[in-house]
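Engineer: Got a file for you: start_4.cif, mmCIF, C-alpha atoms.
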```
data_query
loop_
_atom_site.label_atom_id
_atom_site.label_comp_id
_atom_site.auth_asym_id
_atom_site.auth_seq_id
_atom_site.Cartn_x
_atom_site.Cartn_y
_atom_site.Cartn_z
CA MET E 14 -6.07 -15.35 47.95
CA LYS E 15 -9.17 -13.39 48.63
CA ASP E 16 -11.88 -15.02 46.56
CA ARG E 17 -12.81 -18.67 45.96
CA SER E 18 -14.65 -17.84 42.72
CA VAL E 19 -12.88 -18.87 39.52
CA VAL E 20 -13.96 -15.71 37.66
CA PRO E 21 -11.20 -13.38 38.98
CA TYR E 22 -8.53 -15.93 38.02
CA VAL E 23 -9.91 -16.39 34.50
CA ALA E 24 -10.09 -12.60 34.14
CA LEU E 25 -6.48 -12.25 35.29
CA HIS E 26 -5.30 -15.01 32.94
CA PHE E 27 -7.00 -13.42 29.91
CA ALA E 28 -5.69 -9.97 30.84
CA VAL E 29 -2.13 -11.32 30.97
CA PHE E 30 -2.57 -12.96 27.56
CA LEU E 31 -3.68 -9.61 26.11
CA PHE E 32 -0.75 -7.85 27.81
CA GLY E 33 1.72 -10.25 26.21
CA SER E 34 0.10 -10.02 22.78
CA ALA E 35 0.07 -6.20 22.80
CA GLY E 36 3.82 -6.10 22.25
CA VAL E 37 3.45 -8.13 19.07
CA LEU E 38 0.75 -5.79 17.73
CA SER E 39 2.96 -2.78 18.49
CA LYS E 40 5.69 -4.14 16.20
CA MET E 41 3.18 -4.36 13.35
CA LEU E 42 2.25 -0.65 13.62
CA VAL E 43 4.45 1.93 11.89
CA VAL E 44 4.21 4.59 14.61
CA SER E 45 6.56 5.84 17.32
CA SER E 46 6.28 4.60 20.90
CA LEU E 47 4.95 8.01 21.97
CA LEU E 48 2.14 8.05 19.39
CA LEU E 49 1.39 4.39 20.04
CA VAL E 50 0.90 4.92 23.77
CA PHE E 51 -1.08 8.13 23.22
CA GLY E 52 -3.40 6.40 20.74
CA ARG E 53 -3.73 3.42 23.03
CA THR E 54 -4.73 5.45 26.09
CA LEU E 55 -6.96 7.81 24.07
CA PHE E 56 -9.06 5.06 22.50
CA ALA E 57 -9.14 3.12 25.76
CA THR E 58 -10.56 6.19 27.48
CA LEU E 59 -13.17 6.80 24.78
CA SER E 60 -14.25 3.15 24.64
CA LEU E 61 -14.91 3.04 28.38
CA ILE E 62 -17.26 6.05 28.42
CA PRO E 63 -20.40 4.19 27.15
CA LEU E 64 -19.89 1.42 29.70
CA LEU E 65 -19.50 3.91 32.54
CA LEU E 66 -22.61 5.81 31.42
CA VAL E 67 -24.63 2.58 31.53
CA GLN E 68 -23.23 1.77 34.97
CA ARG E 69 -23.78 5.39 36.09
CA GLU E 70 -20.15 5.64 37.14
CA PHE E 71 -18.99 8.29 34.65
CA SER E 72 -17.63 11.03 36.89
CA PHE E 73 -14.44 12.99 37.54
CA ARG E 74 -15.54 13.96 41.05
CA ALA E 75 -13.60 12.95 44.15
CA VAL E 76 -10.64 11.52 42.23
CA PRO E 77 -7.89 10.52 44.70
CA LYS E 78 -4.37 11.82 44.11
CA THR E 79 -3.18 8.22 43.89
CA VAL E 80 -5.23 7.83 40.68
CA ILE E 81 -3.32 10.72 39.12
CA LEU E 82 -0.04 9.11 40.20
CA CYS E 83 -1.19 5.79 38.70
CA GLY E 84 -2.08 7.48 35.41
CA VAL E 85 1.40 9.00 35.12
CA LEU E 86 3.01 5.66 36.02
CA LEU E 87 0.85 3.97 33.39
CA ALA E 88 2.13 6.36 30.72
CA VAL E 89 5.75 5.83 31.79
CA HIS E 90 5.29 2.05 31.89
CA TRP E 91 3.84 1.82 28.40
CA LEU E 92 6.34 4.26 26.89
CA SER E 93 9.26 2.18 28.15
CA PHE E 94 7.53 -1.11 27.30
CA PHE E 95 6.84 -0.23 23.66
CA ALA E 96 10.25 1.38 23.30
CA ALA E 97 11.63 -2.03 24.34
CA MET E 98 9.44 -3.73 21.73
CA LYS E 99 10.78 -1.40 19.02
CA ALA E 100 14.42 -1.74 20.11
CA ALA E 101 14.74 -5.53 20.00
CA PRO E 102 12.91 -8.79 19.29
CA VAL E 103 9.82 -9.20 21.47
CA ALA E 104 11.43 -11.76 23.80
CA TYR E 105 14.03 -9.32 25.17
CA GLY E 106 11.62 -6.58 26.18
CA LEU E 107 9.19 -9.09 27.66
CA MET E 108 11.89 -10.79 29.71
CA GLY E 109 13.07 -7.44 31.04
CA PHE E 110 9.50 -6.70 32.03
CA ALA E 111 9.32 -10.14 33.69
CA SER E 112 11.49 -8.72 36.50
CA PHE E 113 8.35 -6.94 37.72
CA PRO E 114 7.47 -9.50 40.46
CA LEU E 115 10.92 -9.05 41.98
CA PHE E 116 10.38 -5.31 42.27
CA VAL E 117 7.02 -6.00 43.94
CA THR E 118 8.58 -8.35 46.51
CA TRP E 119 11.35 -5.85 47.27
CA LEU E 120 9.14 -2.80 47.55
CA GLU E 121 5.95 -4.24 49.08
CA PRO E 122 7.49 -5.11 52.51
CA TRP E 123 9.03 -1.63 52.71
CA LEU E 124 5.86 0.24 51.73
CA PHE E 125 3.41 -1.87 53.73
CA LYS E 126 5.65 -2.73 56.72
CA GLU E 127 5.72 -6.45 55.96
CA GLN E 128 8.45 -9.03 56.62
CA ARG E 129 11.05 -9.51 53.89
CA ASP E 130 12.14 -12.95 52.65
CA ASN E 131 15.92 -13.33 52.28
CA ARG E 132 15.37 -15.76 49.40
CA ASP E 133 14.43 -12.75 47.28
CA TRP E 134 18.13 -11.93 46.93
CA TYR E 135 18.89 -15.35 45.45
CA ALA E 136 16.03 -14.90 43.00
CA ALA E 137 17.38 -11.47 42.05
CA LEU E 138 20.80 -12.98 41.36
CA ALA E 139 19.19 -15.67 39.20
CA VAL E 140 17.32 -13.01 37.20
CA VAL E 141 20.54 -11.06 36.60
CA ILE E 142 22.31 -14.24 35.44
CA GLY E 143 19.41 -15.11 33.15
CA MET E 144 19.45 -11.65 31.59
CA ILE E 145 23.22 -11.80 31.03
CA ILE E 146 22.78 -15.13 29.24
CA MET E 147 20.00 -13.62 27.12
CA VAL E 148 22.07 -10.59 26.10
CA SER E 149 24.98 -12.86 25.14
CA ASP E 150 22.74 -14.32 22.41
CA THR E 151 22.48 -11.69 19.66
CA GLY E 152 21.29 -14.06 16.98
CA GLY E 153 17.69 -14.54 18.02
CA GLY E 154 14.85 -12.82 16.20
CA ALA E 155 14.48 -10.98 12.96
CA GLY E 156 15.74 -7.45 12.73
CA ALA E 157 18.06 -7.55 15.74
CA THR E 158 21.33 -5.65 15.84
CA PRO E 159 24.29 -6.40 18.11
CA THR E 160 23.23 -3.62 20.52
CA SER E 161 19.44 -4.00 20.33
CA PRO E 162 19.06 -6.93 22.78
CA LEU E 163 20.66 -4.98 25.65
CA ALA E 164 18.59 -1.87 24.88
CA GLY E 165 15.39 -3.89 24.71
CA LEU E 166 16.20 -5.74 27.92
CA MET E 167 17.05 -2.59 29.92
CA LEU E 168 13.97 -0.75 28.70
CA GLY E 169 11.96 -3.83 29.64
CA VAL E 170 13.44 -3.81 33.15
CA PHE E 171 12.50 -0.14 33.57
CA SER E 172 9.03 -1.00 32.30
CA GLY E 173 8.83 -3.73 34.95
CA LEU E 174 9.84 -1.30 37.69
CA SER E 175 7.23 1.27 36.68
CA PHE E 176 4.56 -1.44 36.44
CA ALA E 177 5.46 -2.72 39.93
CA LEU E 178 5.02 0.81 41.28
CA LEU E 179 1.67 1.01 39.47
CA VAL E 180 0.42 -2.24 41.02
CA LEU E 181 1.56 -1.21 44.50
CA ALA E 182 -0.07 2.21 44.12
CA ASN E 183 -3.31 0.47 43.16
CA ARG E 184 -3.06 -1.65 46.30
CA TRP E 185 -2.36 1.47 48.36
CA GLN E 186 -5.58 3.13 47.26
CA GLY E 187 -7.59 -0.06 47.88
CA GLY E 188 -10.91 -0.95 46.24
CA ARG E 189 -12.67 2.39 46.64
CA ILE E 190 -13.11 2.86 42.87
CA ALA E 191 -14.89 0.40 40.55
CA PRO E 192 -12.44 -1.42 38.21
CA PHE E 193 -13.59 0.02 34.86
CA ARG E 194 -13.93 3.53 36.28
CA LEU E 195 -10.42 3.19 37.66
CA ALA E 196 -9.17 2.07 34.24
CA PHE E 197 -10.96 5.04 32.64
CA LEU E 198 -9.48 7.56 35.07
CA GLN E 199 -5.95 6.20 34.80
CA ASN E 200 -6.04 6.13 31.00
CA SER E 201 -7.48 9.66 30.98
CA VAL E 202 -4.59 10.90 33.11
CA ALA E 203 -2.08 9.06 30.90
CA THR E 204 -3.61 10.63 27.77
CA LEU E 205 -3.47 14.14 29.23
CA THR E 206 0.09 13.55 30.44
CA LEU E 207 1.23 12.61 26.93
CA LEU E 208 -0.81 15.24 25.03
CA PRO E 209 1.78 18.07 25.25
CA LEU E 210 4.52 15.72 24.02
CA VAL E 211 2.35 14.51 21.14
CA LEU E 212 1.49 18.06 20.06
CA ALA E 213 5.17 18.99 20.15
CA ASP E 214 6.05 15.87 18.15
CA GLY E 215 3.60 16.71 15.36
CA GLY E 216 3.42 13.15 14.03
CA LEU E 217 -0.34 12.56 14.29
CA SER E 218 -0.99 13.67 10.70
CA GLN E 219 1.50 11.10 9.39
CA ILE E 220 -0.32 8.05 10.81
CA SER E 221 -1.87 5.89 8.08
CA ALA E 222 -5.51 4.73 8.14
CA CYS E 223 -4.39 1.15 8.76
CA ASP E 224 -2.31 2.20 11.75
CA TRP E 225 -5.22 4.25 13.12
CA TRP E 226 -7.36 1.10 13.12
CA GLY E 227 -4.50 -0.73 14.81
CA LEU E 228 -4.45 1.94 17.52
CA VAL E 229 -8.21 1.56 17.97
CA LEU E 230 -7.75 -2.20 18.42
CA MET E 231 -4.88 -1.58 20.82
CA GLY E 232 -6.94 0.87 22.85
CA VAL E 233 -10.23 -1.04 23.02
CA VAL E 234 -9.21 -4.71 23.28
CA PHE E 235 -5.60 -4.68 24.46
CA THR E 236 -6.04 -1.78 26.88
CA ALA E 237 -9.59 -1.00 28.00
CA ILE E 238 -10.68 -4.62 28.31
CA SER E 239 -7.36 -6.00 29.57
CA HIS E 240 -6.79 -3.13 32.03
CA GLY E 241 -10.32 -3.39 33.39
CA LEU E 242 -10.02 -7.15 33.83
CA PHE E 243 -6.67 -6.76 35.57
CA MET E 244 -8.04 -4.09 37.95
CA TYR E 245 -11.03 -6.33 38.67
CA SER E 246 -8.82 -9.32 39.47
CA LEU E 247 -6.62 -7.29 41.86
CA ARG E 248 -9.68 -6.73 44.03
CA HIS E 249 -10.13 -10.49 44.50
CA VAL E 250 -6.62 -11.98 44.44
CA SER E 251 -3.41 -11.05 46.24
CA THR E 252 -0.84 -8.78 44.64
CA ARG E 253 1.71 -11.58 44.77
CA PHE E 254 -0.59 -14.07 43.06
CA ALA E 255 -1.18 -11.47 40.34
CA SER E 256 2.62 -11.20 40.06
CA LEU E 257 2.85 -14.98 39.62
CA MET E 258 0.28 -14.95 36.83
CA THR E 259 1.90 -11.94 35.16
CA SER E 260 5.08 -14.01 34.89
CA LEU E 261 3.29 -15.87 32.09
CA GLU E 262 3.17 -12.72 29.95
CA PRO E 263 6.56 -13.40 28.29
CA VAL E 264 5.47 -16.96 27.52
CA TYR E 265 2.35 -15.74 25.74
CA GLY E 266 4.21 -12.90 24.03
CA ILE E 267 7.07 -15.06 22.76
CA GLY E 268 4.58 -17.65 21.50
CA VAL E 269 2.47 -15.09 19.65
CA ALA E 270 5.62 -13.41 18.26
CA TYR E 271 6.76 -16.76 16.89
CA LEU E 272 3.38 -17.43 15.25
CA VAL E 273 2.82 -13.92 13.86
CA LEU E 274 6.28 -12.36 13.38
CA HIS E 275 8.30 -15.59 13.05
CA GLU E 276 10.65 -14.35 15.78
CA MET E 277 12.41 -17.30 17.38
CA PRO E 278 14.94 -16.55 20.14
CA GLY E 279 18.26 -18.39 20.05
CA LEU E 280 19.10 -21.23 22.44
CA ARG E 281 20.96 -19.04 24.96
CA ALA E 282 18.12 -16.51 24.93
CA LEU E 283 15.63 -19.30 25.66
CA ILE E 284 17.80 -20.60 28.50
CA GLY E 285 17.97 -17.07 29.93
CA CYS E 286 14.19 -16.77 29.56
CA ALA E 287 13.70 -20.01 31.49
CA ILE E 288 15.96 -18.83 34.32
CA VAL E 289 14.21 -15.45 34.63
CA ILE E 290 10.71 -16.95 34.55
CA SER E 291 11.66 -19.67 37.05
CA ALA E 292 13.07 -17.09 39.46
CA THR E 293 10.05 -14.78 39.27
CA VAL E 294 7.62 -17.70 39.61
CA ALA E 295 9.57 -18.96 42.64
CA VAL E 296 9.46 -15.54 44.31
CA SER E 297 5.72 -15.19 43.75
CA TYR E 298 5.13 -18.76 44.99
CA TRP E 299 7.15 -18.24 48.17
CA HIS E 300 5.31 -15.08 49.09
CA GLY E 301 1.91 -16.40 48.03
CA LYS E 302 2.40 -19.49 50.23
CA ALA E 303 3.49 -17.32 53.15
CA HIS E 304 0.25 -15.34 52.90
#
```
Just give me the structure as structure tokens.
Structural biologist:
Amino acid sequence: MKDRSVVPYVALHFAVFLFGSAGVLSKMLVVSSLLLVFGRTLFATLSLIPLLLVQREFSFRAVPKTVILCGVLLAVHWLSFFAAMKAAPVAYGLMGFASFPLFVTWLEPWLFKEQRDNRDWYAALAVVIGMIIMVSDTGGGAGATPTSPLAGLMLGVFSGLSFALLVLANRWQGGRIAPFRLAFLQNSVATLTLLPLVLADGGLSQISACDWWGLVLMGVVFTAISHGLFMYSLRHVSTRFASLMTSLEPVYGIGVAYLVLHEMPGLRALIGCAIVISATVAVSYWHGKAH
């Protein structure tokens, strides 16, 4: 861990809570995953401009290529994440995404020439077993179909992979860019990446006023603030500790989904959740202790 101050850890914790709650809000909005992500990144970008003007950091000059890569990865991550939220009860998509720390521990040693821990393979096996147990329970959550849990879980896994690549790319570029400017640039790239698809889709005119306000909330609170806090925390804590904390996202998300949407996973799904979370927490703990 890089910083003894409690502020980065509180910021990371709150960011993870917002990440987990965003999936619940997405299920309450009657828009496609494409329009949801476009609206989210657009309003996040716009909301960060005043802050950057005050901080005198509003600039598109000297933008590293890694920022462009991160923006594209951000768009891919959120598209797959919200597609998972739409395909199944919240728990399934979130637990698929919870595989993200495993992808970090597999890829980080290869990208940064670090030693690999053989225990990662046992954790990976535990995650697979947990997911199989989850998929075997098709009775949890309102609105599920016999095929929706698997679709939600697989989309969540892909979302976890793309998010792991995003975190590692952010580590690769280091702390050369201020957190909120980095969030602004990445959301700008994501918005521009999705713009051609949105124009071809032609669904913007069909969004209701209520859903527009939901997109504003998603962009400002659940994206601009959460993304900025997460980027800030990564400059002061290790990537693996951030992975450990991010493992709490499904816990927050499932809890909020139960309170707001009355989605309660079945017993087997909860057992699978516990196995997946335990494995990802163990992996993050092993690597955090080693560093």
Engineer: Applied to the shown file, which residues does the PyMOL selection byres ((chain E and resi 194-206) around 6) return, written as a VMD selection string?
Structural biologist: chain E and resid 51 54 to 55 58 84 to 85 88 190 to 193 207 to 208 241
Engineer: Expand the PyMOL selection byres ((chain E and resi 140) around 8) into the explicit residue set it covers here, and present it as a PDB file with C-alpha atoms, keeping the file's coordinate frame.
Structural biologist:
```
ATOM      1  CA  SER E 112      11.490  -8.720  36.500  1.00  0.00           C
ATOM      2  CA  ALA E 136      16.030 -14.900  43.000  1.00  0.00           C
ATOM      3  CA  ALA E 137      17.380 -11.470  42.050  1.00  0.00           C
ATOM      4  CA  LEU E 138      20.800 -12.980  41.360  1.00  0.00           C
ATOM      5  CA  ALA E 139      19.190 -15.670  39.200  1.00  0.00           C
ATOM      6  CA  VAL E 141      20.540 -11.060  36.600  1.00  0.00           C
ATOM      7  CA  ILE E 142      22.310 -14.240  35.440  1.00  0.00           C
ATOM      8  CA  GLY E 143      19.410 -15.110  33.150  1.00  0.00           C
ATOM      9  CA  MET E 144      19.450 -11.650  31.590  1.00  0.00           C
ATOM     10  CA  ILE E 288      15.960 -18.830  34.320  1.00  0.00           C
ATOM     11  CA  VAL E 289      14.210 -15.450  34.630  1.00  0.00           C
ATOM     12  CA  ALA E 292      13.070 -17.090  39.460  1.00  0.00           C
ATOM     13  CA  THR E 293      10.050 -14.780  39.270  1.00  0.00           C
TER      14      THR E 293
END
```
Engineer: Counting all atoms listed in the file, which of E:Tyr22, E:Phe243, E:Trp91, E:Phe125 gets nearest to E:Gly169?
Structural biologist: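 Of E:Tyr22, E:Phe243, E:Trp91, E:Phe125, the one nearest E:Gly169, counting all atoms listed in the file, is E:Trp91.
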Engineer: Do you have the atom CA of E:Lys78-atom CA of E:Thr236 distance handy?
Structural biologist: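 It comes out at 22.0 Å.
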Engineer: Return the single residue from E:Met147, E:Val250, E:Ala222, E:Leu82 that is closest to E:Ile284, with distances computed using all atoms listed in the file.
Structural biologist: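 The answer is E:Met147, which sits nearest to E:Ile284.
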Engineer: If you measure from atom CA of E:Leu280 to atom CA of E:Ile145, what distance in Å do you get, rounded to one decimal?
Structural biologist: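 So the two atoms, atom CA of E:Leu280 and atom CA of E:Ile145, lie 13.4 Å apart.
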Engineer: Atom CA of E:Val50 and atom CA of E:Leu64 are how many Å apart?
Structural biologist: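 Taking atom CA of E:Val50 as the start and atom CA of E:Leu64 as the end point, the length is 21.9 Å.
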Engineer: For E:Ser45, which of E:Phe27, E:Ile220, E:Ala104, E:Val76 is the closest residue, counting only C-alpha atoms?
Structural biologist: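 Result for the nearest residue to E:Ser45: E:Ile220.
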Engineer: Expand the PyMOL selection byres ((chain E and resi 226) around 12) into the individual residues it matches in the shown file, reporting them as a list in words.
Structural biologist: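 With the shown file as input, the PyMOL selection byres ((chain E and resi 226) around 12) matches Leu38, Met41, Leu42, Val43, Leu49, Gly52, Arg53, Phe56, Ile220, Ser221, Ala222, Cys223, Asp224, Trp225, Gly227, Leu228, Val229, Leu230, Met231, Gly232, Val233 and Val234 of chain E.
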Engineer: For a cut-off of 10 Å around (12.5, -6.1, 41.8), file coordinates, pick out all residues using all atoms listed in the file and list them as a list of chain:residue names.
Structural biologist: E:Ala111, E:Ser112, E:Phe113, E:Pro114, E:Leu115, E:Phe116, E:Val117, E:Thr118, E:Trp119, E:Leu120, E:Glu121, E:Asp133, E:Trp134, E:Ala136, E:Ala137, E:Val140, E:Val170, E:Gly173, E:Leu174, E:Ala177, E:Thr293
Engineer: For those residues, write C-alpha atoms to a file as a PDB file, in the coordinates of the input.
Structural biologist:
```pdb
ATOM      1  CA  ALA E 111       9.320 -10.140  33.690  1.00  0.00           C
ATOM      2  CA  SER E 112      11.490  -8.720  36.500  1.00  0.00           C
ATOM      3  CA  PHE E 113       8.350  -6.940  37.720  1.00  0.00           C
ATOM      4  CA  PRO E 114       7.470  -9.500  40.460  1.00  0.00           C
ATOM      5  CA  LEU E 115      10.920  -9.050  41.980  1.00  0.00           C
ATOM      6  CA  PHE E 116      10.380  -5.310  42.270  1.00  0.00           C
ATOM      7  CA  VAL E 117       7.020  -6.000  43.940  1.00  0.00           C
ATOM      8  CA  THR E 118       8.580  -8.350  46.510  1.00  0.00           C
ATOM      9  CA  TRP E 119      11.350  -5.850  47.270  1.00  0.00           C
ATOM     10  CA  LEU E 120       9.140  -2.800  47.550  1.00  0.00           C
ATOM     11  CA  GLU E 121       5.950  -4.240  49.080  1.00  0.00           C
ATOM     12  CA  ASP E 133      14.430 -12.750  47.280  1.00  0.00           C
ATOM     13  CA  TRP E 134      18.130 -11.930  46.930  1.00  0.00           C
ATOM     14  CA  ALA E 136      16.030 -14.900  43.000  1.00  0.00           C
ATOM     15  CA  ALA E 137      17.380 -11.470  42.050  1.00  0.00           C
ATOM     16  CA  VAL E 140      17.320 -13.010  37.200  1.00  0.00           C
ATOM     17  CA  VAL E 170      13.440  -3.810  33.150  1.00  0.00           C
ATOM     18  CA  GLY E 173       8.830  -3.730  34.950  1.00  0.00           C
ATOM     19  CA  LEU E 174       9.840  -1.300  37.690  1.00  0.00           C
ATOM     20  CA  ALA E 177       5.460  -2.720  39.930  1.00  0.00           C
ATOM     21  CA  THR E 293      10.050 -14.780  39.270  1.00  0.00           C
TER      22      THR E 293
END
```
Engineer: Using only C-alpha atoms, which residue out of E:Val37, E:Leu179, E:Ile146, E:Ala100 lies closest to E:Met244?
Structural biologist: E:Leu179
Engineer: Nearest to E:Trp123 among E:Leu181, E:Cys286, E:Ala213, E:Val67, with distances taken over all atoms listed in the file: which residue is it?
Structural biologist: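 That would be E:Leu181, the residue with the smallest distance to E:Trp123.
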Engineer: From the set E:Phe171, E:Phe30, E:Phe176, E:Phe71, which residue has the shortest atom-to-atom contact distance to E:Ser93, counting only C-alpha atoms?
Structural biologist: E:Phe171
